[in-house]
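Student: My structure file run17.pdb, PDB, C-alpha atoms, is below:
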```
ATOM      1  CA  MET A  25       0.000   0.000   0.000
ATOM      2  CA  THR A  26       1.334   3.424  -0.967
ATOM      3  CA  ILE A  27       1.393   5.980   1.840
ATOM      4  CA  ALA A  28       0.264   9.443   0.741
ATOM      5  CA  VAL A  29       2.915  12.047   1.460
ATOM      6  CA  PRO A  30       1.413  15.286   2.830
ATOM      7  CA  GLN A  31       2.125  18.528   1.007
ATOM      8  CA  SER A  32       0.724  20.791   3.705
ATOM      9  CA  VAL A  33      -0.084  20.447   7.410
ATOM     10  CA  VAL A  34      -1.987  22.811   9.715
ATOM     11  CA  VAL A  35      -1.259  22.753  13.455
ATOM     12  CA  ARG A  36      -3.283  24.615  16.093
ATOM     13  CA  VAL A  37      -1.382  25.637  19.219
ATOM     14  CA  PRO A  38      -2.491  27.506  22.376
ATOM     15  CA  GLY A  39      -1.079  30.310  24.467
ATOM     16  CA  LYS A  40      -0.340  29.906  28.169
ATOM     17  CA  VAL A  41      -0.523  31.580  31.528
ATOM     18  CA  ASN A  42       1.855  30.909  34.393
ATOM     19  CA  LEU A  43      -0.057  30.008  37.548
ATOM     20  CA  GLN A  44       3.253  30.022  39.371
ATOM     21  CA  LEU A  45       6.605  31.480  38.364
ATOM     22  CA  SER A  46       9.169  31.165  41.131
ATOM     23  CA  VAL A  47      12.625  32.458  40.265
ATOM     24  CA  GLY A  48      15.803  31.239  41.941
ATOM     25  CA  PRO A  49      19.029  33.208  42.393
ATOM     26  CA  LYS A  50      21.038  34.315  39.384
ATOM     27  CA  GLU A  51      23.521  31.623  38.445
ATOM     28  CA  LYS A  52      27.088  31.929  37.149
ATOM     29  CA  ASP A  53      25.924  31.609  33.542
ATOM     30  CA  GLY A  54      23.614  34.597  34.030
ATOM     31  CA  PHE A  55      20.426  32.528  33.987
ATOM     32  CA  HIS A  56      17.998  31.760  36.783
ATOM     33  CA  GLY A  57      16.656  28.384  37.785
ATOM     34  CA  ILE A  58      12.870  28.533  37.874
ATOM     35  CA  VAL A  59       9.881  26.466  38.849
ATOM     36  CA  THR A  60       6.710  27.286  36.997
ATOM     37  CA  VAL A  61       3.227  25.872  36.665
ATOM     38  CA  PHE A  62       1.905  26.377  33.152
ATOM     39  CA  GLN A  63      -1.690  26.234  31.996
ATOM     40  CA  ALA A  64      -2.526  26.210  28.289
ATOM     41  CA  ILE A  65      -5.520  28.422  27.516
ATOM     42  CA  SER A  66      -7.974  28.799  24.658
ATOM     43  CA  LEU A  67      -6.225  31.449  22.581
ATOM     44  CA  PHE A  68      -4.781  29.749  19.523
ATOM     45  CA  ASP A  69      -2.408  30.329  16.628
ATOM     46  CA  ASP A  70      -2.746  28.235  13.467
ATOM     47  CA  VAL A  71       0.539  27.360  11.763
ATOM     48  CA  THR A  72       0.493  25.968   8.211
ATOM     49  CA  VAL A  73       3.667  24.364   6.870
ATOM     50  CA  THR A  74       3.757  23.627   3.137
ATOM     51  CA  ARG A  75       6.401  22.031   0.940
ATOM     52  CA  THR A  76       7.696  24.438  -1.718
ATOM     53  CA  GLU A  77       9.851  24.188  -4.842
ATOM     54  CA  PRO A  78      13.571  23.409  -4.397
ATOM     55  CA  GLY A  79      15.620  26.537  -3.851
ATOM     56  CA  THR A  80      12.841  28.635  -2.334
ATOM     57  CA  GLY A  81      14.161  28.218   1.206
ATOM     58  CA  ILE A  82      12.134  28.772   4.371
ATOM     59  CA  THR A  83       9.656  31.643   4.225
ATOM     60  CA  ILE A  84       7.414  33.137   6.941
ATOM     61  CA  SER A  85       4.097  34.905   6.391
ATOM     62  CA  LEU A  86       1.884  36.395   9.092
ATOM     63  CA  SER A  87      -1.803  37.190   9.442
ATOM     64  CA  GLY A  88      -4.381  37.614  12.199
ATOM     65  CA  ASP A  89      -5.049  39.953  15.082
ATOM     66  CA  HIS A  90      -1.625  40.003  16.733
ATOM     67  CA  THR A  91       1.180  40.381  14.215
ATOM     68  CA  HIS A  92       2.683  43.740  15.242
ATOM     69  CA  GLY A  93       6.335  43.268  16.093
ATOM     70  CA  VAL A  94       6.440  39.609  15.050
ATOM     71  CA  PRO A  95       9.479  39.009  12.811
ATOM     72  CA  GLY A  96       8.785  37.638   9.365
ATOM     73  CA  ASP A  97      12.344  36.481   8.782
ATOM     74  CA  ALA A  98      14.908  33.959  10.032
ATOM     75  CA  THR A  99      14.745  35.368  13.577
ATOM     76  CA  ASN A 100      11.178  34.078  13.989
ATOM     77  CA  LEU A 101      11.220  31.074  16.328
ATOM     78  CA  SER A 102       9.209  29.080  13.782
ATOM     79  CA  ALA A 103      11.953  29.605  11.213
ATOM     80  CA  LYS A 104      14.555  28.552  13.775
ATOM     81  CA  ALA A 105      12.547  25.423  14.546
ATOM     82  CA  ALA A 106      12.276  24.604  10.844
ATOM     83  CA  VAL A 107      16.014  25.070  10.257
ATOM     84  CA  LEU A 108      16.842  22.885  13.266
ATOM     85  CA  MET A 109      14.474  20.121  12.140
ATOM     86  CA  CYS A 110      15.740  20.200   8.536
ATOM     87  CA  GLU A 111      19.383  20.054   9.640
ATOM     88  CA  LYS A 112      18.818  17.324  12.202
ATOM     89  CA  PHE A 113      16.889  15.017   9.876
ATOM     90  CA  ASP A 114      18.524  16.041   6.568
ATOM     91  CA  LEU A 115      15.254  17.369   5.136
ATOM     92  CA  PRO A 116      14.857  19.726   2.164
ATOM     93  CA  ALA A 117      14.761  23.213   3.666
ATOM     94  CA  ASP A 118      12.159  24.526   1.236
ATOM     95  CA  LEU A 119       9.077  25.294   3.289
ATOM     96  CA  SER A 120       6.417  27.961   3.523
ATOM     97  CA  ILE A 121       5.319  28.699   7.107
ATOM     98  CA  GLU A 122       2.079  30.656   7.423
ATOM     99  CA  ILE A 123       1.195  31.823  10.937
ATOM    100  CA  ARG A 124      -2.289  33.073  11.753
ATOM    101  CA  LYS A 125      -1.908  34.758  15.127
ATOM    102  CA  SER A 126      -4.529  35.095  17.833
ATOM    103  CA  ILE A 127      -2.111  34.770  20.775
ATOM    104  CA  PRO A 128      -1.056  38.239  21.978
ATOM    105  CA  VAL A 129       2.519  39.212  21.142
ATOM    106  CA  ALA A 130       5.217  39.972  23.731
ATOM    107  CA  GLY A 131       2.663  39.523  26.484
ATOM    108  CA  GLY A 132       4.103  36.681  28.545
ATOM    109  CA  MET A 133       1.844  34.158  26.796
ATOM    110  CA  ALA A 134       4.535  32.342  24.777
ATOM    111  CA  GLY A 135       3.097  33.050  21.326
ATOM    112  CA  GLY A 136       6.476  32.737  19.607
ATOM    113  CA  SER A 137       7.276  29.546  21.497
ATOM    114  CA  ALA A 138       3.849  28.176  20.591
ATOM    115  CA  ASP A 139       4.505  28.764  16.890
ATOM    116  CA  ALA A 140       7.882  27.024  17.158
ATOM    117  CA  ALA A 141       6.241  24.006  18.804
ATOM    118  CA  ALA A 142       3.601  23.929  16.073
ATOM    119  CA  THR A 143       6.331  23.992  13.422
ATOM    120  CA  ILE A 144       8.126  21.018  14.982
ATOM    121  CA  LEU A 145       4.906  19.010  15.017
ATOM    122  CA  ALA A 146       3.995  20.064  11.464
ATOM    123  CA  ILE A 147       7.383  19.063  10.046
ATOM    124  CA  ASP A 148       7.173  15.738  11.876
ATOM    125  CA  ALA A 149       3.796  15.173  10.206
ATOM    126  CA  ILE A 150       4.651  16.440   6.724
ATOM    127  CA  PHE A 151       7.813  14.303   6.443
ATOM    128  CA  LEU A 152       6.306  11.270   8.251
ATOM    129  CA  LEU A 153       9.168  11.258  10.779
ATOM    130  CA  GLY A 154       7.175   9.508  13.492
ATOM    131  CA  LEU A 155       8.973  11.277  16.351
ATOM    132  CA  THR A 156       7.972  10.525  19.936
ATOM    133  CA  ARG A 157       6.894  13.349  22.250
ATOM    134  CA  ASP A 158      10.183  12.989  24.154
ATOM    135  CA  GLU A 159      12.158  13.388  20.927
ATOM    136  CA  MET A 160      10.152  16.477  19.988
ATOM    137  CA  HIS A 161      10.603  17.895  23.491
ATOM    138  CA  ALA A 162      14.386  17.524  23.218
ATOM    139  CA  ILE A 163      14.375  19.504  19.976
ATOM    140  CA  ALA A 164      11.949  22.078  21.401
ATOM    141  CA  ALA A 165      14.203  22.717  24.410
ATOM    142  CA  GLN A 166      17.005  23.800  22.060
ATOM    143  CA  ILE A 167      14.811  26.614  20.733
ATOM    144  CA  GLY A 168      13.386  28.109  23.931
ATOM    145  CA  SER A 169      12.409  27.256  27.485
ATOM    146  CA  ASP A 170       8.637  27.537  26.876
ATOM    147  CA  VAL A 171       8.593  25.512  23.656
ATOM    148  CA  PRO A 172       8.404  21.991  25.194
ATOM    149  CA  PHE A 173       5.279  22.881  27.186
ATOM    150  CA  MET A 174       3.531  24.226  24.101
ATOM    151  CA  LEU A 175       3.779  20.731  22.616
ATOM    152  CA  THR A 176       2.261  19.217  25.761
ATOM    153  CA  GLY A 177      -0.397  21.728  26.767
ATOM    154  CA  GLY A 178      -2.778  21.021  29.611
ATOM    155  CA  THR A 179      -1.330  21.898  33.005
ATOM    156  CA  ALA A 180       2.293  21.123  33.790
ATOM    157  CA  VAL A 181       5.207  21.915  36.066
ATOM    158  CA  GLY A 182       8.332  23.293  34.407
ATOM    159  CA  ARG A 183      11.735  23.142  36.088
ATOM    160  CA  GLY A 184      15.289  24.100  35.168
ATOM    161  CA  ARG A 185      14.790  26.926  32.687
ATOM    162  CA  GLY A 186      11.143  25.860  32.458
ATOM    163  CA  ASP A 187      11.984  23.324  29.758
ATOM    164  CA  GLN A 188      11.896  20.208  31.983
ATOM    165  CA  VAL A 189       8.156  19.582  31.816
ATOM    166  CA  THR A 190       6.082  17.194  33.924
ATOM    167  CA  SER A 191       2.303  16.992  33.559
ATOM    168  CA  ALA A 192       0.364  18.103  36.651
ATOM    169  CA  LEU A 193      -2.882  16.553  37.827
ATOM    170  CA  SER A 194      -5.645  19.087  37.273
ATOM    171  CA  ARG A 195      -9.413  18.839  37.352
ATOM    172  CA  GLY A 196     -12.059  21.256  36.168
ATOM    173  CA  THR A 197     -12.084  24.214  33.815
ATOM    174  CA  TYR A 198     -10.736  27.627  34.788
ATOM    175  CA  HIS A 199     -11.995  30.918  33.366
ATOM    176  CA  TRP A 200      -9.626  33.790  32.645
ATOM    177  CA  VAL A 201      -9.918  37.447  31.719
ATOM    178  CA  LEU A 202      -6.758  38.794  30.110
ATOM    179  CA  ALA A 203      -5.848  42.465  30.123
ATOM    180  CA  LEU A 204      -3.527  43.016  27.180
ATOM    181  CA  SER A 205      -1.036  45.779  26.510
ATOM    182  CA  SER A 206      -0.208  47.317  23.159
ATOM    183  CA  VAL A 207       3.473  47.515  24.174
ATOM    184  CA  GLY A 208       5.447  44.502  25.333
ATOM    185  CA  LEU A 209       8.009  44.132  28.085
ATOM    186  CA  SER A 210      11.531  42.816  27.508
ATOM    187  CA  THR A 211      11.997  39.532  29.378
ATOM    188  CA  PRO A 212      15.741  40.179  30.018
ATOM    189  CA  ALA A 213      14.881  43.657  31.346
ATOM    190  CA  VAL A 214      12.278  42.202  33.730
ATOM    191  CA  TYR A 215      14.760  39.634  35.078
ATOM    192  CA  GLU A 216      17.372  42.360  35.483
ATOM    193  CA  GLU A 217      14.892  44.478  37.449
ATOM    194  CA  CYS A 218      13.977  41.436  39.546
ATOM    195  CA  ASP A 219      17.661  40.990  40.413
ATOM    196  CA  ARG A 220      17.931  44.691  41.300
ATOM    197  CA  LEU A 221      14.877  44.578  43.584
ATOM    198  CA  ARG A 222      16.172  41.448  45.329
ATOM    199  CA  ALA A 223      19.799  42.587  45.662
ATOM    200  CA  GLY A 224      21.171  41.636  49.080
ATOM    201  CA  LEU A 225      18.297  39.270  49.856
ATOM    202  CA  ASP A 226      18.696  35.555  50.458
ATOM    203  CA  VAL A 227      16.854  34.049  47.468
ATOM    204  CA  ALA A 228      15.715  30.488  48.040
ATOM    205  CA  THR A 229      15.805  27.631  45.549
ATOM    206  CA  PRO A 230      12.277  27.505  44.111
ATOM    207  CA  HIS A 231       9.833  24.613  44.417
ATOM    208  CA  ALA A 232       6.339  23.901  43.136
ATOM    209  CA  SER A 233       3.614  25.252  45.428
ATOM    210  CA  ASP A 234       1.740  22.485  47.248
ATOM    211  CA  GLN A 235      -1.187  24.875  47.823
ATOM    212  CA  LEU A 236      -1.502  25.566  44.122
ATOM    213  CA  LEU A 237      -1.178  21.924  43.042
ATOM    214  CA  GLN A 238      -3.762  20.848  45.623
ATOM    215  CA  ALA A 239      -6.162  23.523  44.369
ATOM    216  CA  LEU A 240      -5.792  22.203  40.812
ATOM    217  CA  LEU A 241      -6.354  18.634  41.974
ATOM    218  CA  ALA A 242      -9.508  19.682  43.853
ATOM    219  CA  ALA A 243     -10.809  21.877  40.989
ATOM    220  CA  ASP A 244     -11.012  24.688  43.559
ATOM    221  CA  SER A 245     -10.918  27.976  41.635
ATOM    222  CA  ALA A 246     -11.067  30.110  44.772
ATOM    223  CA  ALA A 247      -8.073  28.343  46.326
ATOM    224  CA  LEU A 248      -6.187  28.546  43.031
ATOM    225  CA  GLY A 249      -6.843  32.272  42.862
ATOM    226  CA  LYS A 250      -5.313  32.745  46.302
ATOM    227  CA  GLY A 251      -2.318  30.603  45.373
ATOM    228  CA  LEU A 252      -1.175  32.367  42.181
ATOM    229  CA  ILE A 253       2.532  33.302  42.411
ATOM    230  CA  ASN A 254       4.862  35.292  40.171
ATOM    231  CA  ASP A 255       8.256  36.403  41.468
ATOM    232  CA  LEU A 256       8.658  38.607  38.377
ATOM    233  CA  GLN A 257       5.480  40.569  39.072
ATOM    234  CA  PRO A 258       7.096  43.249  41.289
ATOM    235  CA  ALA A 259       9.737  43.819  38.598
ATOM    236  CA  ALA A 260       7.141  44.037  35.815
ATOM    237  CA  CYS A 261       5.115  46.512  37.885
ATOM    238  CA  SER A 262       8.250  48.516  38.624
ATOM    239  CA  LEU A 263       8.982  48.857  34.908
ATOM    240  CA  ARG A 264       5.314  49.361  33.995
ATOM    241  CA  PRO A 265       3.536  51.045  36.977
ATOM    242  CA  ALA A 266       0.191  51.033  35.127
ATOM    243  CA  LEU A 267       0.044  47.273  35.735
ATOM    244  CA  ARG A 268      -0.728  47.993  39.398
ATOM    245  CA  LEU A 269      -3.824  49.981  38.374
ATOM    246  CA  ILE A 270      -5.008  47.065  36.237
ATOM    247  CA  LEU A 271      -4.470  44.617  39.103
ATOM    248  CA  ASP A 272      -6.458  46.930  41.403
ATOM    249  CA  VAL A 273      -9.443  47.019  39.026
ATOM    250  CA  GLY A 274      -9.529  43.228  38.951
ATOM    251  CA  SER A 275      -9.503  43.027  42.732
ATOM    252  CA  GLU A 276     -12.227  45.669  42.993
ATOM    253  CA  TYR A 277     -14.501  43.657  40.709
ATOM    254  CA  GLY A 278     -14.103  40.400  42.564
ATOM    255  CA  ALA A 279     -11.504  38.436  40.620
ATOM    256  CA  LEU A 280     -10.623  35.226  42.467
ATOM    257  CA  GLY A 281      -6.985  35.956  41.774
ATOM    258  CA  SER A 282      -4.759  38.038  39.544
ATOM    259  CA  ILE A 283      -1.258  37.620  38.196
ATOM    260  CA  VAL A 284       1.083  39.136  35.653
ATOM    261  CA  SER A 285       1.624  36.278  33.208
ATOM    262  CA  GLY A 286       5.278  35.363  32.846
ATOM    263  CA  SER A 287       7.402  38.469  32.396
ATOM    264  CA  GLY A 288       4.304  40.457  31.417
ATOM    265  CA  PRO A 289       2.735  42.738  30.543
ATOM    266  CA  THR A 290      -0.441  40.636  30.133
ATOM    267  CA  VAL A 291      -2.414  40.534  33.399
ATOM    268  CA  ALA A 292      -4.475  37.375  33.911
ATOM    269  CA  PHE A 293      -7.524  37.405  36.192
ATOM    270  CA  LEU A 294      -9.033  34.144  37.374
ATOM    271  CA  VAL A 295     -12.834  34.371  37.661
ATOM    272  CA  ALA A 296     -15.587  32.060  38.834
ATOM    273  CA  ASP A 297     -17.443  31.457  35.564
ATOM    274  CA  GLU A 298     -18.273  32.861  32.132
ATOM    275  CA  ASP A 299     -20.756  35.426  33.505
ATOM    276  CA  HIS A 300     -18.139  36.763  35.916
ATOM    277  CA  ALA A 301     -15.650  36.866  33.036
ATOM    278  CA  LEU A 302     -18.005  39.033  30.991
ATOM    279  CA  ASP A 303     -18.675  41.400  33.913
ATOM    280  CA  LEU A 304     -14.970  41.845  34.628
ATOM    281  CA  SER A 305     -14.203  42.345  30.924
ATOM    282  CA  VAL A 306     -16.731  45.199  30.775
ATOM    283  CA  ALA A 307     -15.327  46.748  33.971
ATOM    284  CA  LEU A 308     -11.744  46.603  32.704
ATOM    285  CA  THR A 309     -12.682  48.022  29.324
ATOM    286  CA  SER A 310     -14.587  50.935  30.867
ATOM    287  CA  SER A 311     -11.845  51.638  33.431
ATOM    288  CA  GLY A 312      -9.629  53.286  30.852
ATOM    289  CA  VAL A 313      -6.480  51.565  32.181
ATOM    290  CA  VAL A 314      -6.524  48.633  29.733
ATOM    291  CA  GLY A 315      -5.813  48.700  26.018
ATOM    292  CA  ASN A 316      -7.555  45.458  25.121
ATOM    293  CA  VAL A 317      -9.366  42.667  26.978
ATOM    294  CA  THR A 318     -10.041  39.089  25.985
ATOM    295  CA  ARG A 319     -11.423  35.966  27.668
ATOM    296  CA  ALA A 320     -10.166  32.387  27.656
ATOM    297  CA  SER A 321     -10.460  29.129  29.532
ATOM    298  CA  GLY A 322      -8.086  26.313  30.375
ATOM    299  CA  PRO A 323      -6.565  23.876  30.429
ATOM    300  CA  VAL A 324      -6.605  22.979  26.724
ATOM    301  CA  HIS A 325      -4.532  20.610  24.598
ATOM    302  CA  GLY A 326      -1.089  21.516  23.285
ATOM    303  CA  ALA A 327      -0.030  21.651  19.640
ATOM    304  CA  LYS A 328      -2.331  19.482  17.535
ATOM    305  CA  VAL A 329      -2.528  18.644  13.826
ATOM    306  CA  ILE A 330      -5.939  19.796  12.603
ATOM    307  CA  GLU A 331      -5.559  19.446   8.828
ATOM    308  CA  VAL A 332      -3.409  17.429   6.398
ATOM    309  CA  ASN A 333      -3.407  18.041   2.641
TER
END
```
Take the structure from the file and write it as C-alpha cells.

Tutor:
Amino acid sequence: MTIAVPQSVVVRVPGKVNLQLSVGPKEKDGFHGIVTVFQAISLFDDVTVTRTEPGTGITISLSGDHTHGVPGDATNLSAKAAVLMCEKFDLPADLSIEIRKSIPVAGGMAGGSADAAATILAIDAIFLLGLTRDEMHAIAAQIGSDVPFMLTGGTAVGRGRGDQVTSALSRGTYHWVLALSSVGLSTPAVYEECDRLRAGLDVATPHASDQLLQALLAADSAALGKGLINDLQPAACSLRPALRLILDVGSEYGALGSIVSGSGPTVAFLVADEDHALDLSVALTSSGVVGNVTRASGPVHGAKVIEVN
C-alpha cells in the first residue's frame, strides 16, 4: 500500500498563563533556575507548513489579530525550529510557514514559542518522521524554554529553565480574563529588574507550590486564585507602573486571583465562571487603564494537527 505524502499540514497551538513562576538566584551563567506551573488556555495560533519548490528556502508569512512586532524572517522562532528540524533530519529546507496569530505578542503568553512548537509538530507530520513526544521535546528545548510545554499543553510543572516539563494533575475548567497591553516588556529587562529589587536578599531555591497543586487537583478555583505566584510581578510593575492599576481594578470587581503572566505585561484574572468573566471584561474596558481585553479558559490541549493536505 502506498502511503500518501502530505504537502501541507496545519497545526493549532495555544497560548499559556503561568499560575506560578518562582525564580531562583542568578547563576554563574547569568540565567535563573525557575519552577513554573503552566496552563494552556484557549487562545490559539494556526501554523500551516507547506512544501515548496527546491531553492525557495524557508519563508514566513503572518496574518491575524496580533502580528505587530512579530518578525517575518529567520529570527522568527518558527523559522529557527524549521532550520533545526531540517538540519537534524537532513530534510529539504524549502518550506512555507504561514502563521495566523490570535495569541497576543510579547505579552508573557509564549506566542512565539507556541509557533515554534507547532512547526516542529507540522514538520514531523509532513515528512512522516514519526517522532515521539520525548524526541520532539528535546528539539523544542534547544529553541526556547517555553517551547516543550507548548507541545504538551494542559497543566504542567516546568523546572530548570522551564523546559523540563512534567504533567500536573488538574481537574475542572478555569476561566480567565486577560488584560492586554499594546506595548510589550523585555523579558531580560524584567529579570534584570527582579535581580535589582532582590539585591542583598537571600533568594531560596524555588519549588512547586503544594497549595496551588492541591487547588488544581480539587478543581477549587477560589483556592487557586489565592495561590497564584509570580516572582517577576514586582519587577514588571516597577517597569510598567500602570500594571498595578489594572491589578487593582480586577480586585475591585471580585476576581478570584490576579497575576502578571510570565514576564508580562499581560495581566491574567481568574474568575468564577463565564458570567463573571463578561462582567470583569466590561469593567476593565470601561476603566480606561486597559488597552484590550479578551477571555479564555483552560486547560486545553497543546499543539495538535488539525488538517493534512

Student: Select, from A:Ala140, A:Ile121, A:Val201, A:Ile58, the residue with the minimum atom-to-atom distance to A:Ser87, counting only C-alpha atoms.

Tutor: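 Of the candidates, the smallest distance to A:Ser87 is held by A:Ile121.
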
Student: Can you work out which one of A:Pro116, A:Gly281, A:Pro230, A:Pro49 has the shortest atom-to-atom distance to A:Gly81, counting all atoms listed in the file?

Tutor: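 Smallest distance to A:Gly81 is found for A:Pro116.
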
Student: Would you mind telling me which residue in A:Lys250, A:His90, A:Arg75, A:Lys50 lies nearest to A:Pro30 when using all atoms listed in the file?

Tutor: A:Arg75

Student: Can you tell me how far atom CA of A:Ser233 sits from atom CA of A:Gly184, in Å to one decimal?

Tutor: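 Result for atom CA of A:Ser233 versus atom CA of A:Gly184: 15.6 Å, one decimal.
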
Student: On this structure, the PyMOL selection byres ((chain A and resi 45) around 7) would catch which residues? List them as an mmCIF file with C-alpha atoms, in the coordinates of the input, sorted by chain and number.

Tutor:
```
data_model
loop_
_atom_site.group_PDB
_atom_site.id
_atom_site.type_symbol
_atom_site.label_atom_id
_atom_site.label_comp_id
_atom_site.auth_asym_id
_atom_site.auth_seq_id
_atom_site.Cartn_x
_atom_site.Cartn_y
_atom_site.Cartn_z
ATOM 1 C CA ASN A 42 1.855 30.909 34.393
ATOM 2 C CA LEU A 43 -0.057 30.008 37.548
ATOM 3 C CA GLN A 44 3.253 30.022 39.371
ATOM 4 C CA SER A 46 9.169 31.165 41.131
ATOM 5 C CA VAL A 47 12.625 32.458 40.265
ATOM 6 C CA ILE A 58 12.870 28.533 37.874
ATOM 7 C CA VAL A 59 9.881 26.466 38.849
ATOM 8 C CA THR A 60 6.710 27.286 36.997
ATOM 9 C CA VAL A 61 3.227 25.872 36.665
ATOM 10 C CA ILE A 253 2.532 33.302 42.411
ATOM 11 C CA ASN A 254 4.862 35.292 40.171
ATOM 12 C CA ASP A 255 8.256 36.403 41.468
ATOM 13 C CA GLY A 286 5.278 35.363 32.846
#
```

Student: Written as a PDB file with C-alpha atoms, in the frame of the given file, what is the full residue list that the PyMOL selection byres ((chain A and resi 37-40) around 9) yields on the file shown?

Tutor:
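Saved result, part.pdb, follows:
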```pdb
ATOM      1  CA  VAL A  35      -1.259  22.753  13.455  1.00  0.00           C
ATOM      2  CA  ARG A  36      -3.283  24.615  16.093  1.00  0.00           C
ATOM      3  CA  VAL A  41      -0.523  31.580  31.528  1.00  0.00           C
ATOM      4  CA  ASN A  42       1.855  30.909  34.393  1.00  0.00           C
ATOM      5  CA  PHE A  62       1.905  26.377  33.152  1.00  0.00           C
ATOM      6  CA  GLN A  63      -1.690  26.234  31.996  1.00  0.00           C
ATOM      7  CA  ALA A  64      -2.526  26.210  28.289  1.00  0.00           C
ATOM      8  CA  ILE A  65      -5.520  28.422  27.516  1.00  0.00           C
ATOM      9  CA  SER A  66      -7.974  28.799  24.658  1.00  0.00           C
ATOM     10  CA  LEU A  67      -6.225  31.449  22.581  1.00  0.00           C
ATOM     11  CA  PHE A  68      -4.781  29.749  19.523  1.00  0.00           C
ATOM     12  CA  ASP A  69      -2.408  30.329  16.628  1.00  0.00           C
ATOM     13  CA  ASP A  70      -2.746  28.235  13.467  1.00  0.00           C
ATOM     14  CA  VAL A  71       0.539  27.360  11.763  1.00  0.00           C
ATOM     15  CA  SER A 126      -4.529  35.095  17.833  1.00  0.00           C
ATOM     16  CA  ILE A 127      -2.111  34.770  20.775  1.00  0.00           C
ATOM     17  CA  PRO A 128      -1.056  38.239  21.978  1.00  0.00           C
ATOM     18  CA  GLY A 132       4.103  36.681  28.545  1.00  0.00           C
ATOM     19  CA  MET A 133       1.844  34.158  26.796  1.00  0.00           C
ATOM     20  CA  ALA A 134       4.535  32.342  24.777  1.00  0.00           C
ATOM     21  CA  GLY A 135       3.097  33.050  21.326  1.00  0.00           C
ATOM     22  CA  SER A 137       7.276  29.546  21.497  1.00  0.00           C
ATOM     23  CA  ALA A 138       3.849  28.176  20.591  1.00  0.00           C
ATOM     24  CA  ASP A 139       4.505  28.764  16.890  1.00  0.00           C
ATOM     25  CA  ALA A 141       6.241  24.006  18.804  1.00  0.00           C
ATOM     26  CA  ALA A 142       3.601  23.929  16.073  1.00  0.00           C
ATOM     27  CA  MET A 174       3.531  24.226  24.101  1.00  0.00           C
ATOM     28  CA  LEU A 175       3.779  20.731  22.616  1.00  0.00           C
ATOM     29  CA  GLY A 177      -0.397  21.728  26.767  1.00  0.00           C
ATOM     30  CA  SER A 285       1.624  36.278  33.208  1.00  0.00           C
ATOM     31  CA  GLY A 322      -8.086  26.313  30.375  1.00  0.00           C
ATOM     32  CA  PRO A 323      -6.565  23.876  30.429  1.00  0.00           C
ATOM     33  CA  VAL A 324      -6.605  22.979  26.724  1.00  0.00           C
ATOM     34  CA  HIS A 325      -4.532  20.610  24.598  1.00  0.00           C
ATOM     35  CA  GLY A 326      -1.089  21.516  23.285  1.00  0.00           C
ATOM     36  CA  ALA A 327      -0.030  21.651  19.640  1.00  0.00           C
ATOM     37  CA  LYS A 328      -2.331  19.482  17.535  1.00  0.00           C
ATOM     38  CA  VAL A 329      -2.528  18.644  13.826  1.00  0.00           C
TER      39      VAL A 329
END
```

Student: Please expand the PyMOL selection byres ((chain A and resi 203) around 9) into the concrete residues it hits in this file, giving the result as JSON, numbers by chain.

Tutor: {"A": [201, 202, 204, 205, 270, 289, 290, 291, 292, 293, 305, 308, 309, 314, 315, 316, 317, 318, 319]}

Student: For A:Gly96, which residue among A:Gly288, A:Gly136, A:Pro172, A:Pro212 is the nearest when counting all atoms listed in the file?

Tutor: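 Of the candidates, the smallest distance to A:Gly96 is held by A:Gly136.
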
Student: Starting from the sparse input, extend stretch 143-154 of chain A to N, CA and C atoms and give the output as a CSV table (one decimal), in the frame of the given file.

Tutor:
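Contents of part36.csv, freshly written:
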```csv
chain,number,residue,atom,x,y,z
A,143,THR,N,5.5,24.3,14.6
A,143,THR,CA,6.3,24.0,13.4
A,143,THR,C,7.0,22.6,13.6
A,144,ILE,N,7.5,22.3,14.7
A,144,ILE,CA,8.1,21.0,15.0
A,144,ILE,C,7.1,19.9,14.7
A,145,LEU,N,5.9,20.0,15.2
A,145,LEU,CA,4.9,19.0,15.0
A,145,LEU,C,4.5,18.9,13.5
A,146,ALA,N,4.4,20.1,12.9
A,146,ALA,CA,4.0,20.1,11.5
A,146,ALA,C,5.0,19.4,10.6
A,147,ILE,N,6.3,19.7,10.9
A,147,ILE,CA,7.4,19.1,10.0
A,147,ILE,C,7.5,17.6,10.3
A,148,ASP,N,7.2,17.2,11.6
A,148,ASP,CA,7.2,15.7,11.9
A,148,ASP,C,6.1,15.1,11.0
A,149,ALA,N,4.9,15.7,10.9
A,149,ALA,CA,3.8,15.2,10.2
A,149,ALA,C,4.0,15.2,8.7
A,150,ILE,N,4.6,16.3,8.2
A,150,ILE,CA,4.7,16.4,6.7
A,150,ILE,C,5.7,15.5,6.1
A,151,PHE,N,6.8,15.2,6.9
A,151,PHE,CA,7.8,14.3,6.4
A,151,PHE,C,7.7,12.9,7.0
A,152,LEU,N,6.6,12.6,7.7
A,152,LEU,CA,6.3,11.3,8.3
A,152,LEU,C,7.5,10.8,9.1
A,153,LEU,N,8.0,11.6,10.0
A,153,LEU,CA,9.2,11.3,10.8
A,153,LEU,C,8.8,10.3,11.9
A,154,GLY,N,7.6,10.4,12.4
A,154,GLY,CA,7.2,9.5,13.5
A,154,GLY,C,7.9,9.7,14.8
```
